[in-house]
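What follows is a short report on a single structure.
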Amino acid sequence: MAAVLQVLPCLARAPLRPLLLGGAVVRLASGMALAEQARQLFESAVGAVLPGPMLHRALSLDPGGGQLKVRDRSFQLRQNLYLVGFGKAVLGMAAAAEELLGQHLVQGVISVPKGIRAAMEHAGKQEMLLKPHSCVQVFEGAEDNLPDRDALRAALAIRQLAESLTADDLLLVLISGGGSALLPAPIPPVTLEEKQTLTKLLAARGANIQELNTIRKALSQLKGGGLAQAAYPAQVVSLILSDVVGDPVEVIASGPTVASVHNVQDCLHILNRYGLRAALPRSVKTVLARADSDPHGPHTCGHVLNVIIGSNALALAEAQRQAEALGYQAVVLSAAMQGDVESIARFYGLLAQVAGTRLTLAGAGASAEEGEQLRELAAELQLPDLQLKEALEAVVRARGPVCLLAGGEPTVQLQGSGKGGRNQELALRVGVELGRQPLGPVDVLFLSGGTDGQDGPTEAAGAWVMPELASQAAAEGLDVATFLSHNDSHTFFRCFRGGVHLLHTGLTGTNVMDTHLLFLRPR
């Protein structure tokens with residue numbers, strides 16, 4: 001309760017302490033300038049993966065001959081094109097598809113987050129909205145990114161459309177992050193509530209998205225290739241906006257157009273790992289036992305073309321270009337940051353120490369112990385594409401400010417009932433790490449933001465921090481450790497300095513996981 005009790009007095013405080021003298025004033029101004037650049041880079045990353053441009057890059061239509069070209073494949077359109085979709089970015093994707101292919105489109109059904117049409121209209125993003133008399137039916141559901149009855153109705157409508165298709169038809173499937181929650185169709189006798197409870201328990205105990213989706217697929221009619229099977233014998237083209245580390249098509253939205261490679265033993269292993277096997281409802285045990293004895297084996301998806309049209313790596317590449325244009329030595333560390341948020345925060349804290357020392361002393365005097373700790377932690381995190389050596393070499397070569405970029409999706413193990421999201425929690429933890437010891441004559445700023453514009457059940461996309469966070473919070477009577485123990489990062493940032501550290505973008509209409517930016521600028 002301590003963190004909650006601190007909310008009331010904090011709302012009455014002035015946003016900034018009024019008496020700042022000398023170097024503190026300079027550092028405050030420098031920090032705000034850095035924060036503005038961080039916001040610019042974050043927005044450029046998001047702009048690179050907006051639905052319209054991505055879809056137009058992926059598809060080309062010969063208006064005369066009615067030939068639709070996707071990569072190296074061509075499909076003949078003759079009033080035989082159908083569309084389904086599910087995910088946070090799918091409304092904009094469907095609008096772009098309708099703009100490009102509308103005259104050939106017969107019917108469509110999409111499942112999108114609750115309130116997204118009103119939010120896009122309110123934000124003036126007309127390009128993200130379908131035409132007034134569109135042939136695409138829109139279902140809104142999955143409030144707070146959790147499967148619900150509205151999403152279930154959408155999933156059943158999608159299945160019905162898919163099952164009605166013939167060998168002459170083409171089904172265009174639009175998939176983005178959040179698609180799993182928006183396509184819930186449990187295999188009877190499992191109920192939506194039972195499946196949702198199991199997913200919540202796994203997430204609360206720290207299961208990653210791959211593990212969550214393995215369980216979802218085993219209990220779903222449409223995931224793990226189920227949608228592709230329902231559409232057979234029609235041809236299926238899936239355009240996928242990846243929100244998963246490494247862009248594995250079988251994991252994104254639980255792979256509805258990709259045959260599952262997992263079996264019942266994989267599910268049981270996951271359930272054992274998180275201590276949930278003994279507590280399984282009878283219905284879940286029934287479905288898993290039935291799948292284990294299925295004589296037909298897994299579905300095949302030879303009639304499907306799966307295409308990744310946008311990813312975290314694409315977003316980071318654009319942010320890197322923009323950082324270089326602003327005069328930074330910019331290096332992409334990884335597009336696969338995953339693991340416990342506490343470990344990721346320690347990694348960024350150590351990285352700032354080691355990189356800051358190398359930047360200000362041109363490599364001389366860097367602590368060998370800190371460097372070794374950083375390498376050991378990097379090895380523990382097992383990040384497959386980590387460019388740590390290259391990044392530190394670039395820091396030594398730099399003659400000015402440095403921007404280190406990364407993306408991915410860390411996990412938070414819930415301990416309290418506070419309000420927050422993984423980006424705000426990561427930023428808060430990094431802020432603590434940065435303040436553990438002096439970083440030398442260098443300004444450091446860290447930003448973490450969700451590219452969908454919504455971090456957890458909050459209106460913020462994320463937050464930014466500097467090394468002074470802990471001391472400034474203490475001066476305002478805010479105990480960072482208490483907020484962290486309650487997973488109450490959003491409440492903290494709303495209170496801290498009047499909320500100026502929160503990153504607000506509104507819903508972006510896209511979703512390619514999170515973006516992390518670490519700035520180091522010599523004074």
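The chains in the structure tokens are called A, B, ... from first to last as shown; in each chain the residues are counted from 1, and the ligands are counted from 1 in the order shown.
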Contacts of range 412-423 of chain A within 6 Å, only C-alpha atoms, excl. fewer than 5 positions in-chain, as a list in words: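 Once the adjacent positions are removed, what remains is Ala204, Arg205, Gly206, Val341, Ser448, Gly449, Asp455, Gly456, Gly462, His486, Asn487, Asp488, Ser489 and His490 of chain A.
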Which of range 121-241 of chain A counts as alpha helix (DSSP H) under DSSP, as number ranges by chain please? A: 121-122, 149-163, 192-204, 209-218, 226-231
Selection file, C-alpha atoms, as an mmCIF file, in the first residue's frame:
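See again_30.cif below for the written result:
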data_model
loop_
_atom_site.group_PDB
_atom_site.id
_atom_site.type_symbol
_atom_site.label_atom_id
_atom_site.label_comp_id
_atom_site.auth_asym_id
_atom_site.auth_seq_id
_atom_site.Cartn_x
_atom_site.Cartn_y
_atom_site.Cartn_z
ATOM 1 C CA GLU A 121 -10.646 9.097 -35.455
ATOM 2 C CA HIS A 122 -9.972 11.279 -32.420
ATOM 3 C CA ARG A 149 -16.295 -12.600 -25.532
ATOM 4 C CA ASP A 150 -16.124 -9.905 -28.220
ATOM 5 C CA ALA A 151 -12.815 -11.282 -29.505
ATOM 6 C CA LEU A 152 -14.281 -14.798 -29.418
ATOM 7 C CA ARG A 153 -17.195 -13.667 -31.641
ATOM 8 C CA ALA A 154 -14.665 -12.169 -34.057
ATOM 9 C CA ALA A 155 -12.619 -15.382 -34.122
ATOM 10 C CA LEU A 156 -15.680 -17.475 -34.908
ATOM 11 C CA ALA A 157 -16.672 -15.068 -37.728
ATOM 12 C CA ILE A 158 -13.141 -15.346 -39.151
ATOM 13 C CA ARG A 159 -13.297 -19.131 -38.987
ATOM 14 C CA GLN A 160 -16.711 -19.142 -40.701
ATOM 15 C CA LEU A 161 -15.413 -17.005 -43.572
ATOM 16 C CA ALA A 162 -12.291 -19.163 -43.969
ATOM 17 C CA GLU A 163 -14.299 -22.398 -44.053
ATOM 18 C CA LEU A 192 -12.425 -18.923 -22.831
ATOM 19 C CA GLU A 193 -12.262 -18.199 -19.093
ATOM 20 C CA GLU A 194 -10.188 -21.321 -18.392
ATOM 21 C CA LYS A 195 -7.757 -20.540 -21.194
ATOM 22 C CA GLN A 196 -7.517 -16.898 -20.081
ATOM 23 C CA THR A 197 -6.857 -17.852 -16.448
ATOM 24 C CA LEU A 198 -4.066 -20.223 -17.476
ATOM 25 C CA THR A 199 -2.469 -17.571 -19.723
ATOM 26 C CA LYS A 200 -2.645 -14.966 -16.919
ATOM 27 C CA LEU A 201 -0.999 -17.350 -14.450
ATOM 28 C CA LEU A 202 1.816 -18.128 -16.883
ATOM 29 C CA ALA A 203 2.422 -14.441 -17.667
ATOM 30 C CA ALA A 204 2.418 -13.502 -13.963
ATOM 31 C CA ILE A 209 5.817 -14.878 -25.397
ATOM 32 C CA GLN A 210 7.120 -18.065 -27.043
ATOM 33 C CA GLU A 211 6.018 -20.131 -24.044
ATOM 34 C CA LEU A 212 2.645 -18.399 -23.823
ATOM 35 C CA ASN A 213 1.980 -18.997 -27.508
ATOM 36 C CA THR A 214 2.961 -22.678 -27.300
ATOM 37 C CA ILE A 215 0.194 -23.191 -24.730
ATOM 38 C CA ARG A 216 -2.286 -21.009 -26.639
ATOM 39 C CA LYS A 217 -1.735 -22.972 -29.852
ATOM 40 C CA ALA A 218 -2.287 -26.327 -28.146
ATOM 41 C CA GLY A 226 -5.652 -23.862 -37.575
ATOM 42 C CA LEU A 227 -6.761 -20.879 -39.657
ATOM 43 C CA ALA A 228 -4.801 -22.088 -42.693
ATOM 44 C CA GLN A 229 -6.386 -25.508 -42.294
ATOM 45 C CA ALA A 230 -9.862 -23.930 -42.105
ATOM 46 C CA ALA A 231 -9.222 -21.986 -45.351
#
Do you know which residues are at most 8 Å from Gln387 in chain A counting only C-alpha atoms, after dropping those on the same chain fewer than 6 positions away, and could you put them as number ranges by chain? A: 332-334
Emit the selected residues as a PDB file, in the first residue's frame, including N, CA and C atoms.
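Once everything was written out, this is out.pdb:
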ATOM      1  N   VAL A 332      23.281  -0.158 -33.487  1.00  0.00           N
ATOM      2  CA  VAL A 332      22.194  -1.036 -33.044  1.00  0.00           C
ATOM      3  C   VAL A 332      22.819  -2.205 -32.286  1.00  0.00           C
ATOM      4  N   LEU A 333      22.502  -2.297 -31.005  1.00  0.00           N
ATOM      5  CA  LEU A 333      23.030  -3.374 -30.157  1.00  0.00           C
ATOM      6  C   LEU A 333      22.360  -4.702 -30.442  1.00  0.00           C
ATOM      7  N   SER A 334      21.022  -4.687 -30.493  1.00  0.00           N
ATOM      8  CA  SER A 334      20.273  -5.929 -30.637  1.00  0.00           C
ATOM      9  C   SER A 334      18.813  -5.612 -30.923  1.00  0.00           C
TER      10      SER A 334
END
Where in range 71-177 of chain A does DSSP assign strand (DSSP E), given as a VMD selection string? chain A and resid 73 to 76 81 to 86 105 to 113 136 to 141 170 to 175
Would you save the residues of that selection, restricted to C-alpha atoms, as a compact mmCIF listing (two decimals), in the first residue's frame?
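Dumped to again.txt:
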# COMPACT_ATOMS: atom_id res chain seq x y z
CA ARG A 73 4.59 -15.01 -56.38
CA SER A 74 1.68 -13.84 -58.53
CA PHE A 75 -2.03 -14.40 -57.91
CA GLN A 76 -4.86 -13.81 -60.38
CA LEU A 81 -10.20 -12.02 -52.86
CA TYR A 82 -11.17 -12.29 -49.20
CA LEU A 83 -9.54 -10.70 -46.17
CA VAL A 84 -9.24 -11.52 -42.49
CA GLY A 85 -7.01 -9.94 -39.88
CA PHE A 86 -6.29 -9.66 -36.16
CA LEU A 105 -12.22 -7.47 -52.41
CA VAL A 106 -15.40 -9.53 -51.88
CA GLN A 107 -15.64 -9.75 -48.10
CA GLY A 108 -13.52 -9.34 -44.98
CA VAL A 109 -13.55 -9.74 -41.21
CA ILE A 110 -11.02 -8.20 -38.83
CA SER A 111 -10.56 -8.34 -35.06
CA VAL A 112 -8.99 -5.21 -33.55
CA PRO A 113 -8.55 -3.72 -30.06
CA VAL A 136 -14.77 -5.51 -44.25
CA GLN A 137 -16.63 -6.23 -41.01
CA VAL A 138 -14.85 -4.92 -37.90
CA PHE A 139 -15.05 -6.52 -34.47
CA GLU A 140 -13.52 -4.72 -31.48
CA GLY A 141 -12.48 -6.66 -28.40
CA LEU A 170 -7.44 -16.18 -52.29
CA LEU A 171 -7.44 -15.31 -48.59
CA LEU A 172 -5.33 -12.35 -47.53
CA VAL A 173 -4.51 -12.64 -43.82
CA LEU A 174 -3.25 -9.56 -41.96
CA ILE A 175 -1.43 -10.31 -38.71
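The two atoms in question, CA of Thr451 in chain A and CA of Arg117 in chain A, are spaced 18.0 Å apart.
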Atom pair CA of Leu381 in chain A / CA of Gly408 in chain A: separation (Å):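 Between CA of Leu381 in chain A and CA of Gly408 in chain A the gap works out to 12.5 Å.
If only C-alpha atoms are the atoms counted, then among A:Asp340, A:Asp72, A:Glu36, A:Asp148 the closest residue to Glu380 in chain A is A:Asp340.
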Contacts of Val395 in chain A within 7 Å, only C-alpha atoms, excl. fewer than 2 positions in-chain, as a list in words: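 With the cut-off at 7 Å, the set is Ala355, Arg358, Leu359, Ala391, Leu392, Glu393, Arg397, Ala398 and Val402 of chain A.
Taking CA of Met32 in chain A and CA of Ala313 in chain A as the two end points, the separation is 27.2 Å.
For the residues A:Ala279, A:Leu129, A:Ile308, A:Cys267, ranking by smallest atom-to-atom distance to Asp247 in chain A using only C-alpha atoms places A:Ile308 first.
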Tell me which protein, DNA and RNA residues are within 12 Å of Ala38 in chain A, counting only C-alpha atoms, leaving out same-chain ones fewer than 5 positions away, and put them as a ChimeraX atom specification. /A:31-33,43-45,319-320,322-323,326,328,403-405,444-449,462-465,501,503,515-520
How would the residues just chosen look if you wrote them out with N, CA and C atoms as a CSV table (one decimal), in the first residue's frame?
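Result written to out18.csv:
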chain,number,residue,atom,x,y,z
A,31,GLY,N,19.4,17.8,-20.2
A,31,GLY,CA,18.6,16.6,-20.1
A,31,GLY,C,17.3,16.8,-20.9
A,32,MET,N,16.6,18.0,-20.9
A,32,MET,CA,15.4,18.1,-21.6
A,32,MET,C,15.7,18.1,-23.1
A,33,ALA,N,16.8,18.7,-23.5
A,33,ALA,CA,17.2,18.7,-25.0
A,33,ALA,C,17.4,17.2,-25.4
A,43,GLU,N,9.9,8.4,-32.4
A,43,GLU,CA,8.8,8.6,-33.4
A,43,GLU,C,9.3,8.2,-34.8
A,44,SER,N,10.6,8.4,-35.1
A,44,SER,CA,11.0,8.0,-36.4
A,44,SER,C,11.0,6.4,-36.5
A,45,ALA,N,11.4,5.8,-35.4
A,45,ALA,CA,11.3,4.3,-35.4
A,45,ALA,C,9.9,3.8,-35.7
A,319,ALA,N,15.7,4.6,-36.9
A,319,ALA,CA,16.1,5.4,-35.8
A,319,ALA,C,17.6,5.6,-35.8
A,320,GLN,N,18.3,4.6,-36.2
A,320,GLN,CA,19.8,4.8,-36.3
A,320,GLN,C,20.1,5.8,-37.4
A,322,GLN,N,18.3,8.3,-38.3
A,322,GLN,CA,18.0,9.7,-37.8
A,322,GLN,C,19.0,10.1,-36.7
A,323,ALA,N,19.5,9.2,-35.9
A,323,ALA,CA,20.5,9.6,-34.9
A,323,ALA,C,21.8,10.0,-35.6
A,326,LEU,N,21.5,13.5,-36.7
A,326,LEU,CA,21.6,14.4,-35.6
A,326,LEU,C,23.1,14.6,-35.1
A,328,TYR,N,25.1,11.8,-34.0
A,328,TYR,CA,25.5,10.8,-33.1
A,328,TYR,C,26.2,9.7,-33.8
A,403,CYS,N,24.8,7.2,-29.5
A,403,CYS,CA,23.4,6.6,-29.3
A,403,CYS,C,23.5,5.1,-29.5
A,404,LEU,N,23.2,4.3,-28.5
A,404,LEU,CA,23.1,2.9,-28.6
A,404,LEU,C,21.6,2.5,-28.6
A,405,LEU,N,21.2,1.7,-29.7
A,405,LEU,CA,19.8,1.4,-29.9
A,405,LEU,C,19.6,-0.1,-29.7
A,444,VAL,N,23.9,11.2,-19.6
A,444,VAL,CA,23.3,9.9,-20.0
A,444,VAL,C,21.8,10.0,-19.9
A,445,LEU,N,21.2,9.5,-20.9
A,445,LEU,CA,19.7,9.4,-20.9
A,445,LEU,C,19.3,8.0,-21.5
A,446,PHE,N,18.3,7.4,-20.9
A,446,PHE,CA,17.8,6.1,-21.4
A,446,PHE,C,16.3,6.3,-21.6
A,447,LEU,N,15.8,5.8,-22.7
A,447,LEU,CA,14.4,5.8,-23.1
A,447,LEU,C,13.9,4.4,-23.4
A,448,SER,N,12.8,4.0,-22.9
A,448,SER,CA,12.2,2.7,-23.4
A,448,SER,C,10.7,3.0,-23.7
A,449,GLY,N,10.3,2.6,-24.9
A,449,GLY,CA,8.9,2.9,-25.4
A,449,GLY,C,8.4,1.7,-26.2
A,462,GLY,N,5.8,4.7,-22.7
A,462,GLY,CA,7.0,4.4,-21.9
A,462,GLY,C,7.5,5.5,-21.1
A,463,ALA,N,8.8,5.6,-20.9
A,463,ALA,CA,9.4,6.7,-20.1
A,463,ALA,C,10.9,6.9,-20.4
A,464,TRP,N,11.4,8.1,-20.0
A,464,TRP,CA,12.8,8.3,-20.1
A,464,TRP,C,13.4,8.7,-18.7
A,465,VAL,N,14.7,8.4,-18.5
A,465,VAL,CA,15.3,8.6,-17.2
A,465,VAL,C,16.8,9.1,-17.4
A,501,HIS,N,8.6,12.9,-17.4
A,501,HIS,CA,9.4,11.8,-17.9
A,501,HIS,C,8.6,10.7,-18.6
A,503,LEU,N,6.5,9.1,-21.7
A,503,LEU,CA,6.4,9.2,-23.1
A,503,LEU,C,5.0,9.0,-23.6
A,515,THR,N,11.3,-0.2,-28.2
A,515,THR,CA,12.5,0.4,-28.6
A,515,THR,C,13.2,1.0,-27.4
A,516,HIS,N,14.6,0.7,-27.3
A,516,HIS,CA,15.4,1.2,-26.2
A,516,HIS,C,16.5,2.1,-26.8
A,517,LEU,N,16.6,3.3,-26.2
A,517,LEU,CA,17.6,4.2,-26.7
A,517,LEU,C,18.5,4.6,-25.5
A,518,LEU,N,19.8,4.5,-25.6
A,518,LEU,CA,20.8,4.9,-24.6
A,518,LEU,C,21.7,6.0,-25.2
A,519,PHE,N,21.6,7.2,-24.7
A,519,PHE,CA,22.4,8.3,-25.2
A,519,PHE,C,23.5,8.6,-24.2
A,520,LEU,N,24.7,8.9,-24.7
A,520,LEU,CA,25.9,9.3,-24.0
A,520,LEU,C,26.5,10.5,-24.7
Pick the closest to Gln454 in chain A from A:Ser164, A:Asn145, A:Thr360, A:Ser260: which is it, counting only C-alpha atoms? A:Asn145
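The shortest atom-to-atom distance to Ala96 in chain A, with only C-alpha atoms taken into account, belongs to A:His56 out of A:Arg39, A:Arg436, A:His56, A:Lys285.
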I'd like the neighbourhood of Leu101 in chain A as a ChimeraX atom specification, where a residue qualifies if any of its atoms comes within 12 Å (using only C-alpha atoms), though same-chain residues fewer than 3 positions away should be ignored. /A:55-56,59-63,66-69,77-83,93-98,104-107,135,172
Write out as a PyMOL selection string each polymer residue whose atoms come within 12 Å of Pro188 in chain A, counting only C-alpha atoms; drop sequence neighbours fewer than 6 positions from it. chain A and resi 194-195+218-221+282-288+290
Same residues, N, CA, C and O atoms, output as a PDB file, in the first residue's frame:
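Dumped everything to selection.pdb:
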ATOM      1  N   GLU A 194     -11.236 -20.392 -18.842  1.00  0.00           N
ATOM      2  CA  GLU A 194     -10.188 -21.321 -18.392  1.00  0.00           C
ATOM      3  C   GLU A 194      -8.870 -21.045 -19.111  1.00  0.00           C
ATOM      4  O   GLU A 194      -7.799 -21.017 -18.495  1.00  0.00           O
ATOM      5  N   LYS A 195      -8.959 -20.825 -20.418  1.00  0.00           N
ATOM      6  CA  LYS A 195      -7.757 -20.540 -21.194  1.00  0.00           C
ATOM      7  C   LYS A 195      -7.136 -19.210 -20.760  1.00  0.00           C
ATOM      8  O   LYS A 195      -5.908 -19.084 -20.630  1.00  0.00           O
ATOM      9  N   ALA A 218      -1.836 -24.969 -28.482  1.00  0.00           N
ATOM     10  CA  ALA A 218      -2.287 -26.327 -28.146  1.00  0.00           C
ATOM     11  C   ALA A 218      -3.768 -26.356 -27.770  1.00  0.00           C
ATOM     12  O   ALA A 218      -4.427 -27.393 -27.901  1.00  0.00           O
ATOM     13  N   LEU A 219      -4.303 -25.214 -27.327  1.00  0.00           N
ATOM     14  CA  LEU A 219      -5.690 -25.163 -26.856  1.00  0.00           C
ATOM     15  C   LEU A 219      -6.607 -24.422 -27.824  1.00  0.00           C
ATOM     16  O   LEU A 219      -7.760 -24.148 -27.499  1.00  0.00           O
ATOM     17  N   SER A 220      -6.120 -24.094 -29.041  1.00  0.00           N
ATOM     18  CA  SER A 220      -6.868 -23.240 -29.960  1.00  0.00           C
ATOM     19  C   SER A 220      -7.297 -23.953 -31.231  1.00  0.00           C
ATOM     20  O   SER A 220      -6.572 -24.784 -31.772  1.00  0.00           O
ATOM     21  N   GLN A 221      -8.470 -23.541 -31.735  1.00  0.00           N
ATOM     22  CA  GLN A 221      -8.947 -24.044 -33.023  1.00  0.00           C
ATOM     23  C   GLN A 221      -8.231 -23.384 -34.200  1.00  0.00           C
ATOM     24  O   GLN A 221      -8.123 -23.995 -35.276  1.00  0.00           O
ATOM     25  N   ARG A 282      -9.776 -29.848 -15.724  1.00  0.00           N
ATOM     26  CA  ARG A 282      -9.989 -31.134 -16.391  1.00  0.00           C
ATOM     27  C   ARG A 282     -10.104 -30.958 -17.912  1.00  0.00           C
ATOM     28  O   ARG A 282      -9.609 -31.772 -18.692  1.00  0.00           O
ATOM     29  N   SER A 283     -10.735 -29.869 -18.347  1.00  0.00           N
ATOM     30  CA  SER A 283     -10.940 -29.643 -19.786  1.00  0.00           C
ATOM     31  C   SER A 283      -9.609 -29.509 -20.522  1.00  0.00           C
ATOM     32  O   SER A 283      -9.451 -30.020 -21.638  1.00  0.00           O
ATOM     33  N   VAL A 284      -8.638 -28.806 -19.907  1.00  0.00           N
ATOM     34  CA  VAL A 284      -7.325 -28.632 -20.527  1.00  0.00           C
ATOM     35  C   VAL A 284      -6.611 -29.971 -20.627  1.00  0.00           C
ATOM     36  O   VAL A 284      -6.009 -30.300 -21.663  1.00  0.00           O
ATOM     37  N   LYS A 285      -6.695 -30.774 -19.566  1.00  0.00           N
ATOM     38  CA  LYS A 285      -6.084 -32.118 -19.594  1.00  0.00           C
ATOM     39  C   LYS A 285      -6.710 -32.964 -20.701  1.00  0.00           C
ATOM     40  O   LYS A 285      -6.014 -33.706 -21.400  1.00  0.00           O
ATOM     41  N   THR A 286      -8.026 -32.817 -20.890  1.00  0.00           N
ATOM     42  CA  THR A 286      -8.732 -33.586 -21.931  1.00  0.00           C
ATOM     43  C   THR A 286      -8.225 -33.220 -23.322  1.00  0.00           C
ATOM     44  O   THR A 286      -7.931 -34.096 -24.151  1.00  0.00           O
ATOM     45  N   VAL A 287      -8.094 -31.923 -23.598  1.00  0.00           N
ATOM     46  CA  VAL A 287      -7.645 -31.469 -24.922  1.00  0.00           C
ATOM     47  C   VAL A 287      -6.201 -31.889 -25.176  1.00  0.00           C
ATOM     48  O   VAL A 287      -5.858 -32.338 -26.283  1.00  0.00           O
ATOM     49  N   LEU A 288      -5.337 -31.762 -24.187  1.00  0.00           N
ATOM     50  CA  LEU A 288      -3.941 -32.154 -24.361  1.00  0.00           C
ATOM     51  C   LEU A 288      -3.819 -33.661 -24.597  1.00  0.00           C
ATOM     52  O   LEU A 288      -3.028 -34.100 -25.441  1.00  0.00           O
ATOM     53  N   ARG A 290      -6.133 -35.575 -25.925  1.00  0.00           N
ATOM     54  CA  ARG A 290      -6.699 -35.849 -27.252  1.00  0.00           C
ATOM     55  C   ARG A 290      -5.671 -35.531 -28.342  1.00  0.00           C
ATOM     56  O   ARG A 290      -5.505 -36.275 -29.304  1.00  0.00           O
TER      57      ARG A 290
END
Given only C-alpha atoms as the counted atoms, nearest of A:Gln424, A:Val90, A:Met466, A:Leu34 to Phe483 in chain A: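 Looking only at the distances to Phe483 in chain A, the closest residue turns out to be A:Gln424.
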